[in-house]
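Source file target-v6.cif; content: mmCIF, C-alpha atoms.
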data_data
#
loop_
_atom_site.label_atom_id
_atom_site.label_comp_id
_atom_site.auth_asym_id
_atom_site.auth_seq_id
_atom_site.Cartn_x
_atom_site.Cartn_y
_atom_site.Cartn_z
CA MET A 1428 -18.27 96.26 196.41
CA THR A 1429 -18.11 99.49 194.42
CA LEU A 1430 -14.66 100.25 193.09
CA HIS A 1431 -13.04 103.40 194.35
CA PRO A 1432 -12.37 106.00 191.61
CA LYS A 1433 -8.61 105.55 191.81
CA GLU A 1434 -8.75 101.77 191.46
CA ARG A 1435 -8.07 100.73 187.91
CA PRO A 1436 -8.67 97.35 186.25
CA ASP A 1437 -5.61 95.38 185.17
CA GLY A 1438 -3.31 97.54 187.24
CA PHE A 1439 -3.57 100.56 184.94
CA THR A 1440 -3.74 104.04 186.37
CA ARG A 1441 -4.55 107.49 185.05
CA ARG A 1442 -0.98 108.46 184.31
CA ASP A 1443 -0.11 105.17 182.60
CA PHE A 1444 -0.96 106.79 179.28
CA ILE A 1445 1.90 109.26 179.45
CA LEU A 1446 4.54 106.76 180.35
CA ARG A 1447 3.50 103.55 178.65
CA THR A 1448 2.21 104.72 175.31
CA ALA A 1449 2.83 108.38 174.63
CA GLY A 1450 6.34 108.13 173.28
CA ALA A 1451 5.84 105.06 171.18
CA ALA A 1452 2.26 104.91 169.98
CA THR A 1453 0.81 106.77 167.05
CA VAL A 1454 -2.92 107.33 167.33
CA VAL A 1455 -4.49 106.84 163.95
CA SER A 1456 -7.12 109.12 162.50
CA GLY A 1457 -10.71 108.08 163.09
CA ALA A 1458 -14.29 109.14 162.53
CA GLY A 1459 -15.35 112.74 162.48
CA GLY A 1460 -12.16 114.06 160.94
CA ILE A 1461 -9.91 113.19 163.87
CA LEU A 1462 -6.33 113.54 162.69
CA ALA A 1463 -3.29 111.49 163.53
CA ALA A 1464 -1.54 114.20 165.51
CA CYS A 1465 -0.67 112.15 168.54
CA SER A 1466 2.93 112.16 167.50
CA SER A 1467 5.03 109.06 167.13
CA GLU A 1468 8.27 108.65 168.98
CA THR A 1469 10.24 109.58 165.90
CA THR A 1470 8.48 112.86 165.25
CA ALA A 1471 8.17 113.89 168.90
CA GLN A 1472 11.67 113.16 170.11
CA GLY A 1473 13.98 116.15 170.13
CA THR A 1474 11.36 118.60 168.88
CA THR A 1475 12.22 122.08 170.09
CA GLY A 1476 10.77 125.56 169.77
CA LYS A 1477 12.33 128.69 168.30
CA SER A 1478 14.26 129.32 171.50
CA GLY A 1479 15.35 125.71 171.84
CA GLU A 1480 12.78 124.78 174.47
CA PRO A 1481 11.48 121.18 174.41
CA LEU A 1482 8.03 120.67 172.92
CA GLY A 1483 5.36 118.08 173.48
CA PRO A 1484 2.92 116.26 171.18
CA GLY A 1485 2.10 118.11 167.99
CA GLY A 1486 4.89 120.59 168.67
CA LEU A 1487 2.88 122.21 171.48
CA PRO A 1488 4.67 123.75 174.47
CA LEU A 1489 5.06 121.84 177.72
CA ALA A 1490 2.85 123.59 180.26
CA ARG A 1491 4.10 124.05 183.81
CA PRO A 1492 2.70 125.98 186.78
CA ASP A 1493 5.22 128.75 186.09
CA LYS A 1494 4.88 128.46 182.31
CA ARG A 1495 1.35 129.17 181.15
CA VAL A 1496 0.28 127.74 177.81
CA THR A 1497 -2.65 128.75 175.62
CA MET A 1498 -3.90 125.81 173.62
CA PRO A 1499 -4.49 126.77 169.95
CA LEU A 1500 -8.05 126.64 168.62
CA TRP A 1501 -8.13 124.17 165.75
CA GLU A 1502 -11.71 125.20 164.97
CA ASP A 1503 -14.08 127.94 166.10
CA PRO A 1504 -16.23 127.20 169.15
CA ILE A 1505 -19.96 126.81 168.57
CA ALA A 1506 -22.05 129.98 168.40
CA SER A 1507 -23.72 131.41 171.50
CA GLY A 1508 -27.45 131.28 172.13
CA LEU A 1509 -28.21 127.88 170.59
CA GLU A 1510 -30.86 125.58 172.02
CA PRO A 1511 -29.70 122.26 173.52
CA GLU A 1512 -30.27 119.13 171.51
CA THR A 1513 -32.89 116.72 172.87
CA GLY A 1514 -33.76 113.08 172.37
CA GLY A 1515 -31.48 110.19 171.60
CA THR A 1516 -28.46 109.21 173.68
CA PHE A 1517 -25.89 111.38 175.40
CA THR A 1518 -22.67 109.47 176.16
CA VAL A 1519 -20.30 110.21 179.03
CA PHE A 1520 -16.83 108.63 178.66
CA ASN A 1521 -14.93 108.24 181.93
CA TYR A 1522 -13.09 105.98 184.34
CA PRO A 1523 -15.20 103.26 185.97
CA ASP A 1524 -16.98 104.39 189.11
CA TYR A 1525 -15.67 107.94 189.05
CA LEU A 1526 -19.10 109.58 188.84
CA TYR A 1527 -22.31 109.21 190.80
CA LYS A 1528 -24.74 107.53 188.41
CA LYS A 1529 -27.71 109.31 189.97
CA LEU A 1530 -26.36 112.55 188.52
CA LEU A 1531 -26.49 111.04 185.04
CA LYS A 1532 -30.15 110.22 185.47
CA ASP A 1533 -30.90 113.69 186.78
CA PHE A 1534 -29.14 115.31 183.83
CA GLY A 1535 -30.97 113.11 181.35
CA LYS A 1536 -34.32 113.91 182.91
CA LYS A 1537 -33.60 117.63 182.87
CA TYR A 1538 -32.70 117.69 179.17
CA SER A 1539 -34.87 114.84 177.85
CA VAL A 1540 -32.09 112.52 176.75
CA ASP A 1541 -30.98 109.02 177.63
CA VAL A 1542 -27.57 109.27 179.30
CA GLN A 1543 -25.14 106.41 178.72
CA TYR A 1544 -21.98 105.89 180.77
CA THR A 1545 -19.13 104.28 178.84
CA ALA A 1546 -16.05 103.37 180.83
CA PHE A 1547 -12.42 103.19 179.79
CA ASP A 1548 -9.72 101.43 181.78
CA ASN A 1549 -7.22 104.26 181.47
CA ILE A 1550 -6.57 107.44 179.51
CA SER A 1551 -4.48 105.51 176.99
CA SER A 1552 -7.25 103.14 175.97
CA GLY A 1553 -9.80 105.93 176.16
CA ILE A 1554 -7.98 108.24 173.77
CA GLN A 1555 -7.04 105.42 171.44
CA ARG A 1556 -10.63 104.22 171.26
CA LEU A 1557 -11.84 107.76 170.66
CA ALA A 1558 -9.31 108.40 167.91
CA SER A 1559 -10.00 105.11 166.14
CA GLY A 1560 -13.74 105.69 166.06
CA ALA A 1561 -14.45 102.70 168.28
CA VAL A 1562 -16.50 105.01 170.51
CA THR A 1563 -18.31 108.26 169.75
CA PRO A 1564 -18.89 109.92 173.13
CA ASP A 1565 -20.12 113.43 173.72
CA VAL A 1566 -17.93 114.28 176.73
CA MET A 1567 -14.99 112.63 178.44
CA GLU A 1568 -12.72 113.07 181.39
CA MET A 1569 -9.36 114.63 180.56
CA THR A 1570 -6.17 115.23 182.54
CA PRO A 1571 -3.87 118.25 182.19
CA ASP A 1572 -0.85 116.09 181.42
CA ASN A 1573 -2.69 114.60 178.43
CA LEU A 1574 -4.31 117.77 177.16
CA THR A 1575 -1.66 118.60 174.56
CA ARG A 1576 -2.08 115.17 173.00
CA ALA A 1577 -5.84 115.49 172.79
CA VAL A 1578 -5.62 118.98 171.28
CA ALA A 1579 -2.89 118.02 168.83
CA GLY A 1580 -4.99 115.07 167.72
CA LYS A 1581 -8.12 117.23 167.35
CA LEU A 1582 -9.90 114.81 169.65
CA ILE A 1583 -11.64 117.46 171.74
CA LYS A 1584 -13.50 120.62 170.77
CA PRO A 1585 -12.86 124.24 171.74
CA LEU A 1586 -15.33 125.57 174.29
CA ASN A 1587 -17.74 128.50 174.21
CA LEU A 1588 -17.73 129.58 177.85
CA ASP A 1589 -21.01 131.45 177.42
CA TYR A 1590 -22.65 128.08 178.05
CA ILE A 1591 -20.55 127.39 181.16
CA PRO A 1592 -21.19 130.25 183.62
CA ASN A 1593 -20.50 127.99 186.59
CA LEU A 1594 -16.80 128.06 185.72
CA GLN A 1595 -16.43 131.72 186.68
CA LYS A 1596 -19.12 131.52 189.35
CA ASN A 1597 -18.09 128.45 191.33
CA ILE A 1598 -14.51 127.36 190.60
CA TRP A 1599 -11.24 128.38 192.23
CA PRO A 1600 -9.51 131.24 190.37
CA GLU A 1601 -6.41 129.14 189.66
CA LEU A 1602 -8.54 126.66 187.72
CA VAL A 1603 -10.85 129.14 186.01
CA ASN A 1604 -7.82 130.14 183.97
CA PRO A 1605 -5.36 127.27 184.50
CA PHE A 1606 -1.72 127.28 183.46
CA TYR A 1607 -2.19 124.22 181.24
CA ASP A 1608 -5.19 125.68 179.37
CA VAL A 1609 -5.11 129.47 179.53
CA ASP A 1610 -8.60 130.94 179.04
CA SER A 1611 -10.05 127.41 179.38
CA HIS A 1612 -10.17 126.74 175.65
CA TYR A 1613 -10.73 123.00 176.10
CA THR A 1614 -11.34 122.03 179.75
CA VAL A 1615 -13.24 122.66 182.94
CA PRO A 1616 -11.95 121.15 186.22
CA TYR A 1617 -13.53 118.13 187.88
CA THR A 1618 -11.65 117.01 191.01
CA CYS A 1619 -8.38 117.89 192.73
CA TYR A 1620 -5.96 116.04 195.01
CA ALA A 1621 -2.49 116.08 196.53
CA THR A 1622 -0.06 113.21 197.12
CA GLY A 1623 1.20 112.35 200.59
CA ILE A 1624 1.31 109.56 203.16
CA ALA A 1625 -1.53 107.62 204.81
CA TRP A 1626 -1.07 105.35 207.79
CA ARG A 1627 -2.81 103.53 210.61
CA THR A 1628 -1.99 105.50 213.74
CA ASP A 1629 -2.57 102.44 215.93
CA LYS A 1630 0.03 100.42 214.00
CA VAL A 1631 2.76 102.93 213.08
CA THR A 1632 4.55 104.24 216.15
CA GLU A 1633 6.46 107.11 214.53
CA ASP A 1634 5.04 110.62 214.54
CA ILE A 1635 5.38 110.93 210.78
CA ALA A 1636 4.30 114.55 210.52
CA SER A 1637 7.01 115.61 212.99
CA MET A 1638 9.88 113.85 211.21
CA PRO A 1639 12.49 116.16 209.60
CA GLN A 1640 11.67 114.44 206.29
CA PRO A 1641 8.42 112.45 206.61
CA LEU A 1642 9.10 110.63 203.33
CA ASP A 1643 12.01 108.90 205.09
CA ILE A 1644 9.42 106.76 206.86
CA PHE A 1645 9.36 104.34 203.92
CA TRP A 1646 13.12 103.78 204.34
CA GLN A 1647 12.68 103.32 208.12
CA ALA A 1648 9.79 100.85 207.95
CA GLU A 1649 11.57 97.61 208.83
CA ALA A 1650 9.05 96.97 211.60
CA TYR A 1651 6.16 97.09 209.13
CA LYS A 1652 7.42 94.62 206.53
CA GLY A 1653 4.66 93.41 204.23
CA LYS A 1654 2.34 96.24 205.31
CA VAL A 1655 3.90 99.10 203.34
CA GLY A 1656 2.90 100.28 199.88
CA LEU A 1657 3.51 102.84 197.18
CA LEU A 1658 1.13 104.00 194.48
CA SER A 1659 1.37 102.02 191.25
CA GLU A 1660 2.18 105.18 189.35
CA GLU A 1661 5.43 105.87 187.52
CA ARG A 1662 5.28 109.59 188.14
CA GLU A 1663 4.21 109.34 191.78
CA THR A 1664 6.77 106.77 192.93
CA ILE A 1665 9.80 108.26 191.20
CA GLY A 1666 8.54 111.75 192.02
CA MET A 1667 8.35 110.86 195.72
CA ALA A 1668 11.93 109.57 195.73
CA LEU A 1669 13.09 112.79 194.06
CA LEU A 1670 11.28 114.93 196.63
CA ARG A 1671 12.76 112.92 199.48
CA LYS A 1672 16.22 114.03 198.36
CA GLY A 1673 15.12 117.63 197.94
CA HIS A 1674 14.70 117.61 194.16
CA THR A 1675 11.49 119.55 193.52
CA ASP A 1676 11.53 119.31 189.72
CA ILE A 1677 9.13 116.39 189.42
CA ASN A 1678 9.19 116.74 185.63
CA THR A 1679 12.95 116.37 185.37
CA GLU A 1680 14.43 114.54 182.42
CA ASP A 1681 17.91 114.33 183.96
CA PRO A 1682 18.92 110.64 183.76
CA LYS A 1683 21.20 110.91 186.80
CA LEU A 1684 18.39 112.16 189.03
CA VAL A 1685 15.85 109.64 187.77
CA ASP A 1686 18.32 106.75 188.00
CA GLN A 1687 19.22 107.68 191.58
CA ALA A 1688 15.55 107.92 192.53
CA VAL A 1689 14.97 104.45 191.10
CA ALA A 1690 17.97 103.04 192.96
CA ASP A 1691 16.60 104.51 196.20
CA LEU A 1692 13.19 102.97 195.56
CA LYS A 1693 14.69 99.54 194.97
CA GLU A 1694 16.15 99.63 198.48
CA LEU A 1695 12.61 99.38 199.85
CA TYR A 1696 12.27 95.74 198.86
CA GLY A 1697 14.91 94.74 201.38
CA ILE A 1698 13.81 97.23 204.02
CA CYS A 1699 10.06 96.65 204.17
CA LYS A 1700 9.07 94.30 201.33
CA ILE A 1701 7.42 97.21 199.60
CA LYS A 1702 4.19 96.60 197.69
CA VAL A 1703 2.98 98.60 194.72
CA ASP A 1704 -0.77 99.04 194.34
CA ASP A 1705 -3.63 101.53 194.33
CA ILE A 1706 -5.84 100.07 197.06
CA GLN A 1707 -4.71 102.36 199.89
CA TYR A 1708 -8.15 104.00 200.17
CA GLN A 1709 -9.49 100.65 201.44
CA ALA A 1710 -6.41 98.82 202.71
CA ILE A 1711 -5.41 101.50 205.23
CA PRO A 1712 -8.87 101.87 206.84
CA GLU A 1713 -9.29 98.10 206.99
CA GLY A 1714 -5.81 97.62 208.46
CA LYS A 1715 -4.54 95.44 205.62
CA SER A 1716 -1.89 98.07 204.98
CA TRP A 1717 -0.35 100.16 207.75
CA LEU A 1718 1.66 102.68 205.74
CA HIS A 1719 1.05 103.78 202.17
CA GLN A 1720 1.71 106.59 199.75
CA ALA A 1721 -1.72 108.07 199.10
CA TRP A 1722 -3.77 110.77 197.45
CA SER A 1723 -5.56 113.26 199.65
CA GLY A 1724 -8.95 111.96 198.57
CA ASP A 1725 -8.11 108.45 199.76
CA MET A 1726 -8.47 109.01 203.48
CA ILE A 1727 -11.62 111.06 203.00
CA ALA A 1728 -13.09 108.18 201.00
CA GLY A 1729 -11.65 105.71 203.50
CA TYR A 1730 -13.29 107.49 206.41
CA ILE A 1731 -16.65 107.78 204.65
CA TYR A 1732 -16.85 104.30 203.10
CA TYR A 1733 -14.27 101.80 204.36
CA LEU A 1734 -13.50 102.35 208.05
CA PRO A 1735 -14.80 99.22 209.84
CA LYS A 1736 -17.48 99.66 212.45
CA GLY A 1737 -15.94 100.26 215.83
CA THR A 1738 -12.66 101.62 214.44
CA PRO A 1739 -12.22 105.23 215.56
CA PRO A 1740 -11.60 107.86 212.88
CA THR A 1741 -8.37 108.79 214.65
CA ALA A 1742 -6.92 105.47 213.47
CA LEU A 1743 -6.45 107.17 210.10
CA GLY A 1744 -3.50 109.48 209.64
CA TYR A 1745 -2.63 111.60 206.63
CA TRP A 1746 0.29 113.91 205.90
CA LYS A 1747 1.15 116.02 202.91
CA ALA A 1748 4.05 118.41 202.51
CA ASP A 1749 3.74 122.16 202.36
CA LYS A 1750 2.97 123.99 199.14
CA GLY A 1751 5.89 123.89 196.77
CA LYS A 1752 6.98 120.52 198.12
CA VAL A 1753 3.83 118.45 197.53
CA PRO A 1754 2.51 117.18 194.18
CA VAL A 1755 -0.98 118.49 193.46
CA GLN A 1756 -3.15 117.66 190.49
CA ASN A 1757 -6.65 118.03 189.08
CA ASP A 1758 -8.83 116.17 186.59
CA CYS A 1759 -10.98 117.84 183.94
CA TRP A 1760 -13.88 117.43 181.53
CA SER A 1761 -13.73 118.06 177.78
CA ILE A 1762 -16.11 117.84 174.82
CA CYS A 1763 -15.27 115.14 172.29
CA THR A 1764 -15.05 115.94 168.60
CA THR A 1765 -17.40 113.02 167.99
CA THR A 1766 -20.31 114.68 169.77
CA LYS A 1767 -23.58 115.12 167.90
CA LYS A 1768 -24.86 117.25 170.78
CA PRO A 1769 -22.33 120.08 171.19
CA VAL A 1770 -24.69 122.45 173.00
CA LEU A 1771 -25.82 119.77 175.43
CA SER A 1772 -22.17 118.83 175.94
CA HIS A 1773 -21.42 122.38 177.03
CA LEU A 1774 -24.34 122.19 179.42
CA TRP A 1775 -22.92 118.97 180.86
CA LEU A 1776 -19.65 120.74 181.63
CA ASN A 1777 -21.64 123.48 183.34
CA TYR A 1778 -23.76 120.91 185.21
CA ILE A 1779 -20.85 118.92 186.62
CA ILE A 1780 -19.42 122.06 188.27
CA ASP A 1781 -22.74 123.21 189.69
CA ASN A 1782 -22.22 123.64 193.43
CA GLY A 1783 -24.92 121.16 194.44
CA VAL A 1784 -24.07 118.57 191.80
CA ALA A 1785 -20.32 118.65 192.43
CA TYR A 1786 -20.75 118.52 196.19
CA THR A 1787 -23.14 115.57 195.96
CA ASN A 1788 -20.75 113.69 193.70
CA PHE A 1789 -18.00 114.31 196.26
CA VAL A 1790 -19.66 113.42 199.54
CA ASP A 1791 -22.15 110.82 198.33
CA PHE A 1792 -19.95 108.85 195.98
CA ASN A 1793 -16.39 109.39 194.79
CA GLY A 1794 -14.69 111.06 197.77
CA TYR A 1795 -12.53 113.31 195.58
CA GLN A 1796 -12.87 117.02 196.20
CA PRO A 1797 -14.21 119.35 193.50
CA PRO A 1798 -12.44 122.74 193.42
CA LEU A 1799 -15.47 124.73 194.55
CA ASN A 1800 -15.14 128.15 196.14
CA GLU A 1801 -17.79 127.22 198.69
CA ILE A 1802 -15.81 124.24 200.05
CA ASP A 1803 -13.09 124.79 202.64
CA PRO A 1804 -11.67 122.62 205.41
CA ALA A 1805 -13.68 124.37 208.09
CA SER A 1806 -17.03 123.74 206.42
CA LEU A 1807 -16.28 120.10 205.73
CA ILE A 1808 -15.31 119.59 209.35
CA SER A 1809 -18.28 121.50 210.74
CA ASP A 1810 -20.60 119.55 208.44
CA GLY A 1811 -19.15 116.27 209.67
CA ILE A 1812 -17.85 115.21 206.25
CA VAL A 1813 -14.17 115.14 207.25
CA PRO A 1814 -12.88 114.58 210.81
CA GLU A 1815 -10.76 117.40 212.17
CA HIS A 1816 -7.52 115.43 212.23
CA LEU A 1817 -7.86 114.82 208.45
CA ALA A 1818 -8.42 118.48 207.58
CA ASN A 1819 -5.07 118.53 205.75
CA SER A 1820 -6.64 116.20 203.17
CA VAL A 1821 -8.70 119.10 201.88
CA LEU A 1822 -7.18 121.45 199.31
CA THR A 1823 -7.85 125.11 198.59
CA ASN A 1824 -7.07 127.47 195.75
CA ASP A 1825 -3.97 128.53 197.71
CA ASP A 1826 -2.47 125.06 197.20
CA LEU A 1827 -2.12 125.85 193.50
CA GLY A 1828 -0.22 128.63 191.74
CA THR A 1829 3.16 129.14 190.10
CA ASP A 1830 5.07 127.62 193.01
CA SER A 1831 2.99 124.44 193.15
CA LEU A 1832 4.36 121.07 192.03
CA GLN A 1833 2.35 119.41 189.28
CA PHE A 1834 3.18 116.50 187.02
CA GLY A 1835 3.17 117.65 183.42
CA THR A 1836 3.64 116.22 179.96
CA LEU A 1837 7.19 115.08 179.22
CA THR A 1838 9.01 114.90 175.93
CA ALA A 1839 9.12 111.47 174.28
CA GLN A 1840 12.66 111.02 175.56
CA GLY A 1841 11.59 111.94 179.08
CA GLN A 1842 8.64 109.58 178.94
CA ARG A 1843 10.93 106.68 178.04
CA LEU A 1844 13.33 107.62 180.82
CA TRP A 1845 10.64 107.55 183.50
CA GLN A 1846 8.97 104.44 182.08
CA ASP A 1847 12.24 102.52 181.94
CA GLY A 1848 13.09 103.64 185.45
CA TYR A 1849 9.76 102.49 186.79
CA SER A 1850 10.10 99.12 185.07
CA ASP A 1851 13.56 98.78 186.65
CA PHE A 1852 12.07 99.54 190.06
CA LEU A 1853 9.35 96.91 189.65
CA ALA A 1854 11.91 94.35 188.47
CA GLY A 1855 13.92 95.01 191.60
CA GLY A 1856 11.42 93.07 193.63
CA GLY A 1857 11.69 89.95 191.65
#
For the structure just supplied, provide its representation as structure tokens.
Amino acid sequence: MTLHPKERPDGFTRRDFILRTAGAATVVSGAGGILAACSSETTAQGTTGKSGEPLGPGGLPLARPDKRVTMPLWEDPIASGLEPETGGTFTVFNYPDYLYKKLLKDFGKKYSVDVQYTAFDNISSGIQRLASGAVTPDVMEMTPDNLTRAVAGKLIKPLNLDYIPNLQKNIWPELVNPFYDVDSHYTVPYTCYATGIAWRTDKVTEDIASMPQPLDIFWQAEAYKGKVGLLSEERETIGMALLRKGHTDINTEDPKLVDQAVADLKELYGICKIKVDDIQYQAIPEGKSWLHQAWSGDMIAGYIYYLPKGTPPTALGYWKADKGKVPVQNDCWSICTTTKKPVLSHLWLNYIIDNGVAYTNFVDFNGYQPPLNEIDPASLISDGIVPEHLANSVLTNDDLGTDSLQFGTLTAQGQRLWQDGYSDFLAGGG
């Protein structure tokens, strides 16, 4: 069976990098002049700007939806008007099974190159392998909460947007010029998603969406013991517990708030024998789990790929909070410093956000929505891609903006706080 994009080998997930390695690991310099700027715990901790604001890796500001950050150019972008390189191998570095392989073949045929797909288990191992010279990819997936580390380490190259017209043409305005990368110096968006609750409507009797605080359902799930799960993500689990109590700063570094959130999460072991995993996209449709924290792409993928024959689509329920109360996120693409095909790499970034290519990748393979202007809930419903009752799984540009909630890079001290809290939560089950 093909792994879903959000399933990660060895229990690692996309945000594990921030919380398990960022504060303690120093990425060494590698091939191609990559510098050791992925700061160690000692150099990163307590670093502040001129006005006393906390700084992230390399002394770069911490981007937030209401605090836009322009990433510095550590070198000039390539010149405009160059011909793409041909021949040889073009290497795409990404999570396993997060890209439709047919699109790789099509790209290679179009530009007369052999396209190789190299997988990493998580952002941590990916960036470490890149920095050490163990791999020399042309392009790789990037996440906004890791962007400062990649820029500080000179692991990715500045972009010349002349080669990427699809960014302005096809992508939501909020992500053409995103808060974490003003003027898109280093990234173009790939997919987007929100975090909410998925459940089997034929197993869970509560009307979750009508509850005063739907997140309370996890603390009222005694009847569903052994069938309830949370995402195996430090930021998502603790962030959910914060939001349940009305704390909307999901990047807080206040020990009292984080400790209370962890204590609340630990209660779930006694209430519903909570499980922690990232298999909700399959477990909910198949009825192995009845109630689970989930990303918005999960029930779309579940409906398309995993709903057993004879099970009605209405058996799947999904809820997410209103804007300003729901975590939203997007993934990106960047060009690696190790590329020997910088022009072709730019063309890859333009290709992956082509309307037809991005839509095919979405509906024919990975189930995670690209932020295309031409996609809206109505069209997905009318085209039969998403059933009407799951329309709230689809995001729009309006879900983003300065009042949106997005997980961002933490200081080294904050990373340790969240990591230790998550470890305490996991230990609470044992």
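Proximity to Gly1673 in chain A at 10 Å, evaluated using all atoms listed in the file and with sequence-adjacent residues fewer than 6 positions away removed, yields Gln1640, Met1667 and Lys1752 of chain A.
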> Separation of CA of Gly1514 in chain A and CA of Val1566 in chain A, in Å?
Replying inline: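 Rounded to one decimal, the two atoms are 16.5 Å apart.
Here CA of Gly1744 in chain A is placed at a distance of 5.1 Å from CA of Trp1626 in chain A.
Take CA of Pro1641 in chain A and CA of Thr1738 in chain A: the distance between them is 25.0 Å.
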Taking 6 positions as the minimum chain separation for residues in the same chain, which residues sit within 8 Å of Trp1646 in chain A when counting all atoms listed in the file? Answer as a CSV table (one decimal) with C-alpha atoms, keeping the file's coordinate frame.
chain,number,residue,atom,x,y,z
A,1694,GLU,CA,16.2,99.6,198.5
A,1695,LEU,CA,12.6,99.4,199.8
A,1698,ILE,CA,13.8,97.2,204.0
A,1699,CYS,CA,10.1,96.6,204.2
> From the list A:Asp1524, A:Asp1565, A:Asp1493, A:Asp1803, which residue is nearest Asp1825 in chain A when using all atoms listed in the file?
Replying inline: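 Of all the options, A:Asp1803 lies closest to Asp1825 in chain A.
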> On this structure, which residues satisfy the PyMOL selection byres ((chain A and resi 1543) around 8), written as a PyMOL selection string?
Replying inline: chain A and resi 1516-1519+1531+1541-1542+1544-1545
> Do you know which residues are at most 7 Å from range 1595-1598 of chain A counting all atoms listed in the file, after dropping those on the same chain fewer than 4 positions away, and could you put them as a list in words?
Replying inline: Leu1602, Val1603, Asn1782, Pro1798, Leu1799 and Asn1800 of chain A
>> the PyMOL selection byres ((chain A and resi 1852) around 12) - which residues does that actually catch in the file I just gave you? List them as a PyMOL selection string.
In response: chain A and resi 1657+1659-1661+1664-1665+1668+1685-1696+1701-1703+1845-1851+1853-1857
> With only C-alpha atoms as the basis for distance, which of A:Ser1723, A:Thr1741, A:Gln1796, A:Asn1549 is at the shortest distance from Ile1780 in chain A?
Replying inline: A:Gln1796
> What residues come out when you apply the PyMOL selection byres ((chain A and resi 1606-1609) around 9) to this file, written as a VMD selection string?
Replying inline: chain A and resid 1489 to 1498 1571 to 1572 1574 to 1575 1601 to 1605 1610 to 1614 1828 to 1829 1835
> Of the candidates A:Thr1764, A:Glu1801, A:Tyr1620, A:Trp1717, which one gets nearest to Gly1560 in chain A if we count all atoms listed in the file?
Replying inline: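 Ranking A:Thr1764, A:Glu1801, A:Tyr1620, A:Trp1717 by distance to Gly1560 in chain A, first place goes to A:Thr1764.
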>> For a quick check of understanding, using only C-alpha atoms, which of A:Val1578, A:Ile1677, A:Ile1802, A:Leu1557 has the smallest distance to Trp1501 in chain A?
In response: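 Closest candidate: A:Val1578.
Minimum atom-to-atom distance to Asp1589 in chain A, evaluated using only C-alpha atoms, belongs to A:Asn1777 out of A:Thr1679, A:Lys1537, A:Ala1621, A:Asn1777.
Using all atoms listed in the file, the shortest contact distance between Ser1716 in chain A and any of A:Thr1628, A:Ser1806, A:Thr1765, A:Thr1675 is found at A:Thr1628.
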What box, with edges along x, y and z, holds each listed atom of range 1579-1582 of chain A when 6 Å is added on every side, and can you state its centre and edge lengths in Å to one decimal, as lines of an AutoDock Vina configuration file?
center_x = -6.4
center_y = 116.4
center_z = 168.5
size_x = 19.0
size_y = 15.2
size_z = 14.3
